[in-house]
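Q: Input file: protein-v7.cif. Contents: mmCIF, C-alpha atoms.
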```cif
data_data
loop_
_atom_site.label_atom_id
_atom_site.label_comp_id
_atom_site.auth_asym_id
_atom_site.auth_seq_id
_atom_site.Cartn_x
_atom_site.Cartn_y
_atom_site.Cartn_z
CA MET A 1 -15.74 37.27 -13.14
CA VAL A 2 -13.74 35.81 -16.03
CA ARG A 3 -15.80 33.42 -18.16
CA ILE A 4 -13.51 30.70 -19.53
CA ILE A 5 -13.97 28.30 -22.43
CA LEU A 6 -11.59 25.44 -21.62
CA SER A 7 -10.17 23.45 -24.52
CA GLY A 8 -8.71 20.15 -23.35
CA TYR A 9 -10.80 20.08 -20.17
CA SER A 10 -10.48 16.29 -19.78
CA GLY A 11 -6.66 16.20 -19.72
CA LYS A 12 -4.47 16.51 -16.63
CA MET A 13 -3.92 20.25 -17.07
CA GLY A 14 -7.58 20.77 -17.89
CA GLN A 15 -8.63 18.97 -14.72
CA THR A 16 -6.23 21.10 -12.67
CA ILE A 17 -7.65 24.30 -14.14
CA ARG A 18 -11.17 23.06 -13.40
CA ARG A 19 -10.24 22.53 -9.74
CA ILE A 20 -8.64 25.98 -9.45
CA CYS A 21 -11.67 27.66 -11.01
CA ALA A 22 -14.07 25.70 -8.78
CA GLU A 23 -12.23 27.04 -5.71
CA SER A 24 -12.27 30.65 -6.96
CA SER A 25 -14.99 33.28 -7.21
CA GLU A 26 -13.01 35.12 -9.90
CA PHE A 27 -13.20 32.45 -12.63
CA GLU A 28 -15.98 30.35 -14.14
CA ILE A 29 -15.70 27.65 -16.79
CA VAL A 30 -18.74 28.23 -19.01
CA ALA A 31 -17.96 25.62 -21.68
CA GLY A 32 -15.45 22.91 -22.49
CA ILE A 33 -13.99 21.41 -25.65
CA ALA A 34 -12.47 17.93 -25.78
CA ARG A 35 -12.37 15.03 -28.21
CA ASP A 36 -14.11 12.70 -25.74
CA ALA A 37 -16.94 14.23 -23.72
CA ASP A 38 -16.91 13.74 -19.93
CA ASP A 39 -19.58 14.22 -17.32
CA VAL A 40 -18.85 17.83 -16.36
CA PRO A 41 -20.92 20.65 -14.82
CA PHE A 42 -20.73 22.82 -17.95
CA PRO A 43 -21.71 22.44 -21.63
CA ALA A 44 -19.15 20.27 -23.44
CA PHE A 45 -18.37 20.01 -27.14
CA SER A 46 -16.16 17.68 -29.15
CA GLN A 47 -15.26 20.39 -31.69
CA ALA A 48 -14.61 24.10 -31.15
CA SER A 49 -16.92 24.99 -34.03
CA GLN A 50 -19.83 23.41 -32.13
CA CYS A 51 -19.45 25.68 -29.11
CA ASP A 52 -22.24 28.27 -28.96
CA ILE A 53 -21.50 29.53 -25.44
CA PRO A 54 -19.89 32.99 -25.25
CA GLY A 55 -16.80 33.40 -23.09
CA ASP A 56 -14.33 36.10 -22.15
CA VAL A 57 -11.24 33.97 -22.85
CA ILE A 58 -10.37 30.57 -24.32
CA ILE A 59 -7.66 28.56 -22.55
CA ASP A 60 -6.27 25.83 -24.79
CA PHE A 61 -4.49 22.93 -23.09
CA SER A 62 -5.42 20.34 -25.74
CA ASN A 63 -2.82 19.20 -28.29
CA ALA A 64 -0.99 20.65 -31.24
CA SER A 65 -3.36 19.08 -33.79
CA ALA A 66 -6.27 21.12 -32.39
CA VAL A 67 -4.56 24.52 -32.39
CA ARG A 68 -5.79 25.59 -35.83
CA GLN A 69 -9.44 24.90 -35.09
CA ILE A 70 -9.16 26.71 -31.75
CA LEU A 71 -7.61 29.73 -33.49
CA ASP A 72 -10.30 29.68 -36.19
CA TYR A 73 -13.05 29.59 -33.55
CA ALA A 74 -11.39 32.39 -31.55
CA VAL A 75 -11.11 34.63 -34.62
CA ASP A 76 -14.66 33.84 -35.78
CA THR A 77 -16.12 34.70 -32.37
CA GLY A 78 -13.70 37.49 -31.50
CA THR A 79 -12.66 35.70 -28.29
CA PRO A 80 -9.18 36.21 -26.81
CA VAL A 81 -7.26 32.92 -26.67
CA ILE A 82 -4.43 31.53 -24.56
CA ILE A 83 -2.41 28.85 -26.36
CA CYS A 84 -0.76 26.62 -23.73
CA THR A 85 -0.30 23.61 -25.98
CA THR A 86 3.26 22.39 -26.59
CA GLY A 87 4.82 20.91 -29.75
CA ILE A 88 3.65 23.80 -31.93
CA SER A 89 4.95 23.71 -35.52
CA GLU A 90 6.33 26.66 -37.47
CA GLU A 91 3.10 26.68 -39.50
CA ASP A 92 1.07 26.85 -36.29
CA ASN A 93 3.24 29.69 -35.03
CA ALA A 94 2.54 31.55 -38.28
CA ALA A 95 -1.20 30.99 -37.75
CA ILE A 96 -0.89 32.30 -34.18
CA THR A 97 0.84 35.45 -35.43
CA ALA A 98 -1.83 35.94 -38.10
CA ALA A 99 -4.64 35.52 -35.55
CA ALA A 100 -2.96 38.09 -33.28
CA GLY A 101 -3.63 40.67 -35.98
CA LYS A 102 -7.37 40.20 -35.36
CA ILE A 103 -7.78 39.20 -31.70
CA ALA A 104 -5.78 39.08 -28.47
CA VAL A 105 -3.60 35.95 -28.51
CA PHE A 106 -1.47 34.80 -25.60
CA ARG A 107 1.45 32.45 -26.20
CA SER A 108 4.23 31.38 -23.87
CA ALA A 109 6.60 28.41 -23.84
CA ASN A 110 5.97 28.10 -20.09
CA MET A 111 2.97 29.33 -18.10
CA SER A 112 4.79 29.48 -14.74
CA LEU A 113 5.26 32.96 -13.28
CA GLY A 114 8.46 31.74 -11.63
CA VAL A 115 10.01 30.54 -14.90
CA ASN A 116 9.23 33.80 -16.63
CA LEU A 117 10.70 35.81 -13.78
CA LEU A 118 13.74 33.51 -14.04
CA ALA A 119 14.09 34.48 -17.70
CA ARG A 120 14.35 38.13 -16.65
CA LEU A 121 17.03 37.30 -14.10
CA ILE A 122 18.95 35.34 -16.74
CA LYS A 123 19.01 38.41 -18.99
CA LYS A 124 20.58 40.45 -16.20
CA ALA A 125 23.07 37.70 -15.37
CA ALA A 126 24.06 37.27 -19.02
CA ASP A 127 24.55 41.01 -19.38
CA VAL A 128 26.92 41.11 -16.42
CA LEU A 129 28.71 37.75 -16.62
CA TYR A 130 29.16 36.81 -20.29
CA GLY A 131 31.47 39.74 -20.99
CA ALA A 132 33.44 38.80 -17.88
CA GLY A 133 34.28 35.43 -19.46
CA PHE A 134 31.54 33.25 -17.99
CA ASP A 135 30.31 30.32 -20.12
CA ILE A 136 26.56 29.60 -20.25
CA GLU A 137 24.93 26.16 -20.17
CA VAL A 138 21.28 25.09 -19.74
CA LEU A 139 20.24 21.82 -18.07
CA GLU A 140 16.63 20.60 -17.99
CA LYS A 141 15.06 17.54 -16.35
CA HIS A 142 11.64 16.03 -17.09
CA HIS A 143 9.62 12.86 -16.61
CA ASN A 144 10.22 9.80 -18.76
CA LEU A 145 7.08 10.36 -20.86
CA LYS A 146 8.22 13.68 -22.34
CA VAL A 147 9.02 13.22 -26.03
CA ASP A 148 10.61 16.55 -27.04
CA ALA A 149 14.11 17.64 -26.11
CA PRO A 150 15.28 20.16 -25.25
CA SER A 151 12.12 21.43 -23.60
CA GLY A 152 10.41 24.58 -24.80
CA THR A 153 11.26 26.15 -21.46
CA ALA A 154 14.97 25.36 -21.86
CA LEU A 155 14.87 27.14 -25.21
CA LEU A 156 12.96 30.05 -23.65
CA LEU A 157 15.72 30.48 -21.06
CA ALA A 158 18.50 30.10 -23.63
CA ASP A 159 16.77 32.63 -25.86
CA ALA A 160 16.53 35.07 -22.94
CA ALA A 161 20.32 35.04 -22.58
CA ASN A 162 20.90 35.15 -26.32
CA GLU A 163 18.53 38.06 -26.90
CA GLN A 164 20.24 40.03 -24.16
CA LEU A 165 23.60 39.39 -25.85
CA GLY A 166 22.40 40.43 -29.30
CA GLY A 167 22.29 36.90 -30.73
CA LYS A 168 25.98 36.18 -30.13
CA LEU A 169 25.39 32.65 -28.78
CA SER A 170 25.42 29.45 -30.85
CA TYR A 171 23.36 26.55 -29.45
CA THR A 172 24.97 23.13 -29.06
CA TYR A 173 22.70 20.13 -28.40
CA ASP A 174 25.16 17.22 -28.54
CA ARG A 175 28.91 17.07 -27.98
CA SER A 176 29.26 13.30 -28.22
CA GLY A 177 30.81 13.37 -31.70
CA GLN A 178 33.06 16.35 -31.06
CA ARG A 179 36.68 16.44 -29.92
CA ARG A 180 37.38 20.12 -29.54
CA GLN A 181 37.58 22.81 -26.93
CA ARG A 182 34.42 24.71 -26.03
CA GLU A 183 33.99 28.11 -27.69
CA HIS A 184 32.97 31.02 -25.48
CA ASN A 185 29.96 31.86 -27.67
CA GLU A 186 28.68 28.28 -27.35
CA LEU A 187 25.55 27.64 -25.25
CA GLY A 188 25.02 23.98 -24.44
CA LEU A 189 21.50 22.60 -23.90
CA HIS A 190 21.24 19.32 -22.02
CA ALA A 191 18.15 17.16 -21.41
CA LEU A 192 17.63 14.51 -18.73
CA ARG A 193 14.58 12.21 -18.78
CA GLY A 194 13.46 9.96 -15.94
CA GLY A 195 10.78 9.05 -13.45
CA THR A 196 8.05 11.56 -12.71
CA ILE A 197 10.06 14.80 -12.67
CA VAL A 198 7.54 17.57 -13.40
CA GLY A 199 10.15 20.01 -14.64
CA GLU A 200 13.50 21.36 -13.46
CA HIS A 201 15.57 23.96 -15.29
CA SER A 202 18.97 25.38 -14.45
CA VAL A 203 21.07 27.97 -16.23
CA ILE A 204 24.73 27.75 -15.25
CA PHE A 205 27.16 30.64 -15.63
CA ALA A 206 30.63 29.12 -15.22
CA GLY A 207 33.58 31.47 -14.85
CA ASP A 208 37.16 31.24 -13.58
CA ASP A 209 36.98 29.77 -10.07
CA GLU A 210 33.27 30.54 -9.56
CA VAL A 211 29.87 29.36 -10.76
CA VAL A 212 26.52 31.14 -10.65
CA GLU A 213 23.43 28.94 -11.10
CA LEU A 214 19.87 30.15 -11.55
CA SER A 215 17.20 27.45 -11.35
CA HIS A 216 13.50 26.68 -11.11
CA SER A 217 11.71 23.51 -9.98
CA ALA A 218 8.04 22.76 -10.61
CA HIS A 219 6.65 20.43 -7.94
CA SER A 220 3.29 19.94 -9.65
CA LYS A 221 1.43 20.90 -12.82
CA ALA A 222 -0.64 23.33 -10.75
CA VAL A 223 1.98 26.07 -11.24
CA PHE A 224 1.23 26.08 -14.98
CA ALA A 225 -2.54 26.06 -14.41
CA ARG A 226 -2.32 29.01 -12.01
CA GLY A 227 -0.29 30.90 -14.57
CA ALA A 228 -2.93 30.17 -17.21
CA VAL A 229 -5.82 31.55 -15.14
CA LYS A 230 -3.76 34.63 -14.24
CA ALA A 231 -3.16 35.07 -17.96
CA ALA A 232 -6.93 34.75 -18.53
CA ALA A 233 -7.62 37.57 -16.08
CA PHE A 234 -4.96 39.66 -17.84
CA LEU A 235 -6.17 38.93 -21.38
CA LYS A 236 -9.89 39.64 -20.81
CA GLY A 237 -10.87 42.69 -22.85
CA LYS A 238 -7.41 43.21 -24.36
CA PRO A 239 -7.14 44.54 -27.93
CA ALA A 240 -5.71 42.46 -30.78
CA GLY A 241 -2.05 41.60 -30.37
CA LEU A 242 0.38 38.91 -29.31
CA TYR A 243 0.92 38.71 -25.55
CA SER A 244 3.17 36.60 -23.31
CA MET A 245 3.96 35.96 -19.66
CA SER A 246 6.28 38.97 -19.71
CA ASP A 247 3.13 41.08 -19.98
CA VAL A 248 1.49 39.18 -17.09
CA LEU A 249 4.49 39.84 -14.85
CA GLU A 250 3.74 43.54 -15.20
CA TYR A 251 0.05 42.87 -14.49
CA VAL A 252 0.59 40.94 -11.24
#
```
Could you spell out this file's structure in structure tokens?
A:
Amino acid sequence: MVRIILSGYSGKMGQTIRRICAESSEFEIVAGIARDADDVPFPAFSQASQCDIPGDVIIDFSNASAVRQILDYAVDTGTPVIICTTGISEEDNAAITAAAGKIAVFRSANMSLGVNLLARLIKKAADVLYGAGFDIEVLEKHHNLKVDAPSGTALLLADAANEQLGGKLSYTYDRSGQRRQREHNELGLHALRGGTIVGEHSVIFAGDDEVVELSHSAHSKAVFARGAVKAAAFLKGKPAGLYSMSDVLEYV
């Protein structure tokens, strides 16, 4: 049994994790943290510092402004923590790295197992195709409420290709003001916003007379919640360090 403290339990992702845990004998939510308390079947707190219930892992699906207090609580109590919140600042990333020197910290730009497997496939494709003259472009699509662009997942996939190629690629986010031919080391990132698209990502390798496209579509937010609880099972009892979905892929 993995005892979970769920930060952001009242949000859409928090509610999805609650449903998954309720249907499983492997996970139990023992406490919740949210700004506005709901009627839930576990002790709930408005601040992390108020929580006096021990847990095996903290899953944080709250918001970027709460990350520091969640990290402080995790370090103070020695509880492994999974940071699923998006919109993290450079300062927050530095705090995450510092906390990982004391406890197990899990951080990934996307909690989907499929997306993280896709990143591995992109590395292989980049290794084979870039040197053969293929250009690389990333296209992502999300709902009309998403405020950041490109998505963290689009950057994760671009970074996968760039890391494999030793940092040769230069990212281009907007070509509207340019009148020039594309450079081979250019990687274009394109964002589409509309409707209720949960998340679609494609990495296009375009060569002479042929195109290879690797893509992933999320049909509901449940894929991210399932990834989070799998990460919780993985992180329980782990020593201090910074972990990611790449580690979970080995675990599953």
Q: List the residues matched by the PyMOL selection byres ((chain A and resi 102-109) around 6) in the displayed structure as a PyMOL selection string, ordered by chain and then by residue number.
A: chain A and resi 80-83+99-101+110+152-153+239-244
Q: Taking the file as shown, what set of residues would the PyMOL selection byres ((chain A and resi 45-59) around 9) give back, as number ranges by chain?
A: A: 2-8, 29-37, 43-44, 60-61, 66, 69-70, 72-74, 77, 79-84, 228-229, 232-233, 235-237
Q: A:Met111, A:Leu145, A:Leu129, A:Val248: which is nearest Asp208 in chain A, counting only C-alpha atoms?
A: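 For Asp208 in chain A, the nearest of the candidates is A:Leu129.
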Q: Identify all residues satisfying the PyMOL selection byres ((chain A and resi 162) around 12) in the given file; provide them as a PyMOL selection string.
A: chain A and resi 119+122-127+130+136-137+155-161+163-171+185-187
Q: Tell me which of A:Ser246, A:Ser10, A:Ser220, A:Thr16 sits closest to His143 in chain A, counting all atoms listed in the file.
A: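 Going through A:Ser246, A:Ser10, A:Ser220, A:Thr16 one by one, the smallest distance to His143 in chain A is for A:Ser220.
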Q: CA of Leu71 in chain A and CA of Glu23 in chain A are how many Å apart?
A: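 CA of Glu23 in chain A lies 28.3 Å from CA of Leu71 in chain A.
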Q: Please, what distance in Å, to one decimal, runs between CA of Ile96 in chain A and CA of Gly227 in chain A?
A: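 Computed distance, CA of Ile96 in chain A to CA of Gly227 in chain A, equals 19.7 Å.
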Q: Just the number, please: distance in Å from CA of Glu200 in chain A to CA of Lys141 in chain A, one decimal.
A: 5.0 Å
Q: Nearest to Gln15 in chain A among A:Arg179, A:Val198, A:Ala231, A:Ala222, with distances taken over all atoms listed in the file: which residue is it?
A: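 Ranked by minimum distance to Gln15 in chain A, first place goes to A:Ala222.
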Q: Point out the residue among A:Val212, A:Ala132, A:Met1, A:Ala218 with the least atom-to-atom distance to Ile197 in chain A, counting all atoms listed in the file.
A: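 Of the candidates, the smallest distance to Ile197 in chain A is held by A:Ala218.
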Q: For His219 in chain A, which of A:Gly78, A:Gly207, A:Gly114, A:Gly199 is the closest residue, counting all atoms listed in the file?
A: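 Looking at the shortest contact to His219 in chain A, the residue is A:Gly199.
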Q: Have a look at A:Lys146, A:Gly177, A:Asn116, A:Phe42 and name the one nearest to Arg18 in chain A; count all atoms listed in the file.
A: A:Phe42
